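Everything on this sheet refers to the single structure shown next.
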Amino acid sequence: MRRAVVIGVGHHLPDRIVENAEFEKTLDTSDEWIRARSGIERRHFASDGETTSSMASAAANAALAQASKAADDVDAIVLATSTADLTFPSAATMVQDQLGMTRGFAFDVQAVCAGFVYALANANALIASGQAERVLVIGAETFSRIMDWTDRSTCVLFGDGAGAVLLEAQEGDGTSQDRGILSTDLNSDGRHRDLLYVDGGVSTGTSGYLRMQGNQVFRHAVEKLAQTAETAMERAGVSASDVDWIVPHQANIRIIQGTAKKMDLPMERVVVTVQDHGNTSAASIPLALSVGVERGQIKRGDLIVTEAIGGGLAWGAVVMRW
């Protein structure tokens, strides 16, 4: 059985670090207020010269280096982002050019904070069907460019960054002990699109700002994240007791804690980076995977569950063995 196995991981964060205290100068907020409600202590913001594609390329290069592969060893790039450099072409094709990749194909996936889970599912399908041997899966965002800096309920929550994994086709036995992606579960419900959206685009002629009904998103998040994780684990033939690490979308520490509790898993088995990165949307899971490897938490053979929910609403989960 063909499995999509992670052979390299990497990430990139902008140099500019913004501590919570910076917002106290312009907003009616405080470091304590932000920490208590989100768990966020700081985040990174892109500089004027940094773009989603440039950060994605840096993360991709790091993943390639870890795998000892060159750009032309890759068949495809799947880039999850809601903040592409331009309306078109895709940021993925820009990354393809920046990496010096002269073959294969590249495309973007847009599912907001669930984007990386959707991108992993697409990449897994490409490998399982034999259309690709190696696929770079990237999550990259510059959410700082769609923030309303007068809205304290949203602008303190988000950050910029990128993460990437390199997947390679390898033969498995078809059991839950195989390395690679074991199962995926994707969902969406457009009836809830007004809970989290950007009020701009082609129809308005503006780039717009992010708008969110935080309490409603929170209510949906814990229930749907636990549900999709359970579905993905059932499809993979594993249970919560088999899981070494949950690597969730890093949106809010209370959502992360609530989901872990609903899954009956201790926080000691959850990779948490939200305190240092804030919510980096589609970049948050690959960033957390890369940091988890860097910290020595995630090791070869570990069973990992990733889950995310974002605007749409769109949500999903992936079960993989590292």
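In the structure tokens, chains take the letters A, B, ... in the order shown, each chain's residues start at 1, and ligands count up from 1 in the order shown.
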
Give me, as JSON lines, each residue of range 2-44 of chain A that comes within 12 Å of range 172-177 of chain A, together with its shortest interatomic pair and the distance in Å at one decimal, counting only C-alpha atoms, with rows ordered by chain and rising residue number.
```
{"residue": "A:Arg2", "atom": "CA", "partner": "A:Gly172", "partner_atom": "CA", "distance": 6.1}
{"residue": "A:Arg3", "atom": "CA", "partner": "A:Gly172", "partner_atom": "CA", "distance": 6.1}
{"residue": "A:Ala4", "atom": "CA", "partner": "A:Gly172", "partner_atom": "CA", "distance": 9.5}
{"residue": "A:Val5", "atom": "CA", "partner": "A:Gly172", "partner_atom": "CA", "distance": 9.7}
```

Can you write out as JSON lines which residues of range 208-281 of chain A fall within 12 Å of range 121-141 of chain A, alongside each residue's closest atom pair and its distance in Å to one decimal, counting only C-alpha atoms and ordering rows by chain and ascending residue number?
```
{"residue": "A:Ala232", "atom": "CA", "partner": "A:Ala121", "partner_atom": "CA", "distance": 11.6}
{"residue": "A:His249", "atom": "CA", "partner": "A:Gly139", "partner_atom": "CA", "distance": 11.5}
{"residue": "A:His277", "atom": "CA", "partner": "A:Glu141", "partner_atom": "CA", "distance": 11.8}
{"residue": "A:Gly278", "atom": "CA", "partner": "A:Glu141", "partner_atom": "CA", "distance": 11.9}
{"residue": "A:Asn279", "atom": "CA", "partner": "A:Glu141", "partner_atom": "CA", "distance": 9.9}
{"residue": "A:Thr280", "atom": "CA", "partner": "A:Glu141", "partner_atom": "CA", "distance": 6.4}
{"residue": "A:Ser281", "atom": "CA", "partner": "A:Glu141", "partner_atom": "CA", "distance": 6.8}
```

Q.
If you run DSSP on the backbone here, which positions in range 93-250 of chain A get alpha helix (DSSP H)? Please write them as a ChimeraX atom specification.
A. /A:93-99,115-128,214-236

Dump N, CA and C atoms for the selected residues as a CSV table (one decimal), in the first residue's frame?
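Result file follows (part_37.csv):
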```csv
chain,number,residue,atom,x,y,z
A,93,THR,N,2.9,28.7,-7.3
A,93,THR,CA,3.7,28.8,-8.5
A,93,THR,C,4.9,29.8,-8.2
A,94,MET,N,4.6,30.8,-7.4
A,94,MET,CA,5.7,31.7,-7.0
A,94,MET,C,6.8,30.9,-6.2
A,95,VAL,N,6.4,30.1,-5.3
A,95,VAL,CA,7.3,29.2,-4.5
A,95,VAL,C,8.1,28.3,-5.5
A,96,GLN,N,7.4,27.7,-6.4
A,96,GLN,CA,8.0,26.8,-7.4
A,96,GLN,C,9.2,27.6,-8.1
A,97,ASP,N,8.9,28.8,-8.5
A,97,ASP,CA,10.0,29.6,-9.1
A,97,ASP,C,11.1,29.9,-8.1
A,98,GLN,N,10.7,30.4,-6.9
A,98,GLN,CA,11.7,30.8,-5.9
A,98,GLN,C,12.6,29.6,-5.5
A,99,LEU,N,12.1,28.4,-5.5
A,99,LEU,CA,12.9,27.2,-5.2
A,99,LEU,C,13.7,26.7,-6.4
A,115,GLY,N,-6.7,25.0,6.3
A,115,GLY,CA,-6.0,24.8,5.0
A,115,GLY,C,-4.9,23.8,5.0
A,116,PHE,N,-4.1,23.7,6.0
A,116,PHE,CA,-3.0,22.7,6.0
A,116,PHE,C,-3.6,21.3,6.0
A,117,VAL,N,-4.6,21.1,6.8
A,117,VAL,CA,-5.3,19.7,6.8
A,117,VAL,C,-5.8,19.4,5.5
A,118,TYR,N,-6.5,20.3,4.8
A,118,TYR,CA,-7.0,20.1,3.5
A,118,TYR,C,-5.8,19.8,2.5
A,119,ALA,N,-4.7,20.6,2.6
A,119,ALA,CA,-3.6,20.4,1.7
A,119,ALA,C,-3.0,19.0,1.9
A,120,LEU,N,-2.8,18.6,3.2
A,120,LEU,CA,-2.3,17.2,3.4
A,120,LEU,C,-3.2,16.2,2.8
A,121,ALA,N,-4.5,16.4,2.9
A,121,ALA,CA,-5.4,15.4,2.3
A,121,ALA,C,-5.3,15.3,0.8
A,122,ASN,N,-5.1,16.5,0.2
A,122,ASN,CA,-4.9,16.5,-1.3
A,122,ASN,C,-3.6,15.9,-1.7
A,123,ALA,N,-2.5,16.2,-0.9
A,123,ALA,CA,-1.2,15.7,-1.2
A,123,ALA,C,-1.2,14.1,-1.0
A,124,ASN,N,-1.9,13.7,0.0
A,124,ASN,CA,-2.0,12.2,0.2
A,124,ASN,C,-2.7,11.6,-0.9
A,125,ALA,N,-3.7,12.2,-1.5
A,125,ALA,CA,-4.5,11.6,-2.6
A,125,ALA,C,-3.6,11.5,-3.8
A,126,LEU,N,-2.8,12.6,-4.1
A,126,LEU,CA,-1.9,12.6,-5.2
A,126,LEU,C,-0.9,11.5,-5.1
A,127,ILE,N,-0.4,11.2,-3.9
A,127,ILE,CA,0.6,10.1,-3.7
A,127,ILE,C,0.0,8.8,-3.8
A,128,ALA,N,-1.2,8.6,-3.1
A,128,ALA,CA,-1.9,7.3,-3.1
A,128,ALA,C,-2.3,6.9,-4.5
A,214,GLY,N,-16.1,35.6,17.9
A,214,GLY,CA,-15.3,34.7,18.6
A,214,GLY,C,-16.0,33.7,19.5
A,215,ASN,N,-17.1,34.1,20.2
A,215,ASN,CA,-17.8,33.2,21.1
A,215,ASN,C,-18.4,32.1,20.3
A,216,GLN,N,-19.0,32.4,19.1
A,216,GLN,CA,-19.6,31.4,18.3
A,216,GLN,C,-18.6,30.5,17.7
A,217,VAL,N,-17.5,31.0,17.2
A,217,VAL,CA,-16.4,30.1,16.7
A,217,VAL,C,-15.9,29.2,17.7
A,218,PHE,N,-15.7,29.7,19.0
A,218,PHE,CA,-15.3,28.8,20.1
A,218,PHE,C,-16.3,27.7,20.3
A,219,ARG,N,-17.6,28.0,20.3
A,219,ARG,CA,-18.6,27.0,20.6
A,219,ARG,C,-18.5,25.9,19.5
A,220,HIS,N,-18.4,26.2,18.3
A,220,HIS,CA,-18.3,25.2,17.2
A,220,HIS,C,-17.0,24.5,17.3
A,221,ALA,N,-15.9,25.2,17.6
A,221,ALA,CA,-14.5,24.6,17.5
A,221,ALA,C,-14.3,23.3,18.3
A,222,VAL,N,-14.6,23.4,19.6
A,222,VAL,CA,-14.3,22.3,20.5
A,222,VAL,C,-15.0,21.0,20.1
A,223,GLU,N,-16.3,21.2,19.8
A,223,GLU,CA,-17.1,20.0,19.4
A,223,GLU,C,-16.7,19.4,18.1
A,224,LYS,N,-16.5,20.3,17.1
A,224,LYS,CA,-16.2,19.8,15.8
A,224,LYS,C,-14.8,19.3,15.7
A,225,LEU,N,-13.8,19.9,16.4
A,225,LEU,CA,-12.4,19.4,16.4
A,225,LEU,C,-12.4,18.0,17.0
A,226,ALA,N,-13.0,17.8,18.1
A,226,ALA,CA,-13.0,16.5,18.8
A,226,ALA,C,-13.7,15.4,17.9
A,227,GLN,N,-14.8,15.8,17.2
A,227,GLN,CA,-15.5,14.9,16.4
A,227,GLN,C,-14.7,14.5,15.2
A,228,THR,N,-14.1,15.4,14.5
A,228,THR,CA,-13.3,15.1,13.3
A,228,THR,C,-12.1,14.2,13.7
A,229,ALA,N,-11.5,14.5,14.8
A,229,ALA,CA,-10.3,13.7,15.2
A,229,ALA,C,-10.8,12.3,15.5
A,230,GLU,N,-11.9,12.1,16.2
A,230,GLU,CA,-12.4,10.8,16.5
A,230,GLU,C,-12.7,10.0,15.2
A,231,THR,N,-13.3,10.7,14.2
A,231,THR,CA,-13.6,10.1,12.9
A,231,THR,C,-12.3,9.6,12.2
A,232,ALA,N,-11.3,10.5,12.2
A,232,ALA,CA,-10.1,10.2,11.5
A,232,ALA,C,-9.4,9.0,12.2
A,233,MET,N,-9.4,9.0,13.6
A,233,MET,CA,-8.8,7.9,14.3
A,233,MET,C,-9.5,6.6,14.0
A,234,GLU,N,-10.8,6.6,14.0
A,234,GLU,CA,-11.6,5.4,13.7
A,234,GLU,C,-11.2,4.9,12.3
A,235,ARG,N,-11.1,5.8,11.3
A,235,ARG,CA,-10.7,5.3,10.0
A,235,ARG,C,-9.3,4.7,9.9
A,236,ALA,N,-8.5,5.2,10.8
A,236,ALA,CA,-7.1,4.7,10.8
A,236,ALA,C,-7.0,3.5,11.6
```

Mind dumping a table of every range 79-160 of chain A residue within 12 Å of range 191-198 of chain A, with the nearest atom pair and its distance in Å to one decimal, using only C-alpha atoms, sorted by chain and rising number, as CSV?
```
residue,atom,partner,partner_atom,distance
A:Ser82,CA,A:Val198,CA,9.9
A:Thr83,CA,A:Val198,CA,10.7
A:Ala111,CA,A:Tyr197,CA,11.3
A:Val112,CA,A:Tyr197,CA,9.2
A:Cys113,CA,A:Leu196,CA,10.4
A:Phe143,CA,A:Val198,CA,10.8
A:Arg145,CA,A:Val198,CA,11.4
A:Ile146,CA,A:Val198,CA,7.8
A:Met147,CA,A:Val198,CA,9.3
A:Asp148,CA,A:Val198,CA,10.3
A:Thr154,CA,A:Leu196,CA,10.5
```

Limited to C-alpha atoms, could you put the picked residues into a file as a JSON list (two decimals), in the first residue's frame?
```json
[["chain", "number", "residue", "atom", "x", "y", "z"],
["A", 82, "SER", "CA", -5.69, 32.66, 2.64],
["A", 83, "THR", "CA", -3.21, 35.50, 2.14],
["A", 111, "ALA", "CA", -9.62, 26.60, 3.63],
["A", 112, "VAL", "CA", -8.42, 29.32, 6.02],
["A", 113, "CYS", "CA", -7.19, 27.85, 9.33],
["A", 143, "PHE", "CA", -2.50, 37.71, 8.42],
["A", 145, "ARG", "CA", -2.01, 42.50, 6.43],
["A", 146, "ILE", "CA", -5.73, 41.84, 6.88],
["A", 147, "MET", "CA", -6.08, 43.02, 10.47],
["A", 148, "ASP", "CA", -8.28, 45.88, 11.66],
["A", 154, "THR", "CA", -9.12, 40.08, 16.59]]
```

Q. Using only C-alpha atoms, which residues sit within 10 Å of Gln250 in chain A once same-chain residues fewer than 6 positions away are excluded, as a list in words?
A.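 The neighbour list is Ser38, Gly39, Ile40, Cys113, Ile256, Val271, Val272, Thr273, Val274, Gln275, His277, Gly278, Asn279, Thr280, Ser281, Ala282, Ala283, Ser284, Ile285, Leu287, Ala288, Glu307 and Ala308 of chain A.
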
Q | Residues of range 10-221 of chain A in strand (DSSP E), written as a PyMOL selection string | A | chain A and resi 10-12+16-19+42-45+76-80+105-109+134-142+160-171+180-188+196-198+210-212

Quick one: write out the picked residues with C-alpha atoms as a compact mmCIF listing (two decimals), in the first residue's frame?
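The new file result-v6.txt reads:
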```
# COMPACT_ATOMS: atom_id res chain seq x y z
CA GLY A 10 10.86 23.00 8.32
CA HIS A 11 9.50 26.40 9.22
CA HIS A 12 10.16 30.12 8.93
CA ARG A 16 9.93 40.98 14.05
CA ILE A 17 8.51 39.72 17.35
CA VAL A 18 5.54 41.61 18.77
CA GLU A 19 4.91 41.15 22.49
CA ARG A 42 3.80 37.13 21.41
CA ARG A 43 3.62 36.72 17.65
CA HIS A 44 5.74 37.44 14.56
CA PHE A 45 4.84 40.04 11.92
CA ALA A 76 4.18 18.90 -6.72
CA ILE A 77 3.67 21.77 -4.31
CA VAL A 78 0.40 22.17 -2.42
CA LEU A 79 0.32 25.50 -0.58
CA ALA A 80 -2.38 26.28 1.97
CA PHE A 105 3.04 21.37 -10.77
CA ALA A 106 1.94 23.69 -7.99
CA PHE A 107 -1.38 25.00 -6.67
CA ASP A 108 -2.95 26.74 -3.68
CA VAL A 109 -5.59 25.40 -1.31
CA ARG A 134 7.11 13.56 -3.58
CA VAL A 135 4.92 16.50 -2.60
CA LEU A 136 5.84 19.64 -0.67
CA VAL A 137 2.92 20.62 1.56
CA ILE A 138 3.19 24.16 2.89
CA GLY A 139 1.12 26.42 5.12
CA ALA A 140 2.00 30.12 4.96
CA GLU A 141 0.20 33.30 6.01
CA THR A 142 0.65 37.05 6.41
CA ASP A 160 2.62 35.49 10.37
CA GLY A 161 4.80 32.53 9.47
CA ALA A 162 5.19 29.39 7.40
CA GLY A 163 5.76 25.68 7.85
CA ALA A 164 6.34 22.85 5.39
CA VAL A 165 6.56 19.09 5.20
CA LEU A 166 7.96 16.97 2.37
CA LEU A 167 5.93 13.83 1.72
CA GLU A 168 7.34 10.83 -0.14
CA ALA A 169 5.60 7.71 -1.46
CA GLN A 170 6.71 4.62 0.45
CA GLU A 171 5.30 1.12 0.63
CA GLY A 180 2.85 8.05 6.81
CA ILE A 181 -0.70 9.41 6.52
CA LEU A 182 -3.13 6.78 7.78
CA SER A 183 -6.43 8.64 7.39
CA THR A 184 -8.02 12.01 6.70
CA ASP A 185 -11.40 13.57 7.46
CA LEU A 186 -12.62 16.83 5.86
CA ASN A 187 -15.80 18.80 6.53
CA SER A 188 -17.39 22.18 5.83
CA LEU A 196 -15.30 34.20 10.47
CA TYR A 197 -14.61 36.04 7.22
CA VAL A 198 -12.81 38.90 5.51
CA LEU A 210 -10.85 39.93 9.18
CA ARG A 211 -14.14 39.79 11.09
CA MET A 212 -14.96 37.16 13.69
```

Q: Using CA of Gly292 in chain A and CA of Val247 in chain A as the two end points, give the distance in Å to one decimal.
A: 8.6 Å

Q: Could you check which of A:Leu289, A:Ala70, A:Met101, A:Ala21 is closest to Ile246 in chain A, using only C-alpha atoms?
A: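 Distance minimum relative to Ile246 in chain A lands on A:Leu289.
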
**Q.** Shortest interatomic distance to Ile309 in chain A - which of A:Pro266, A:Trp322, A:Asp189, A:Gly237, counting only C-alpha atoms
**A.** A:Asp189
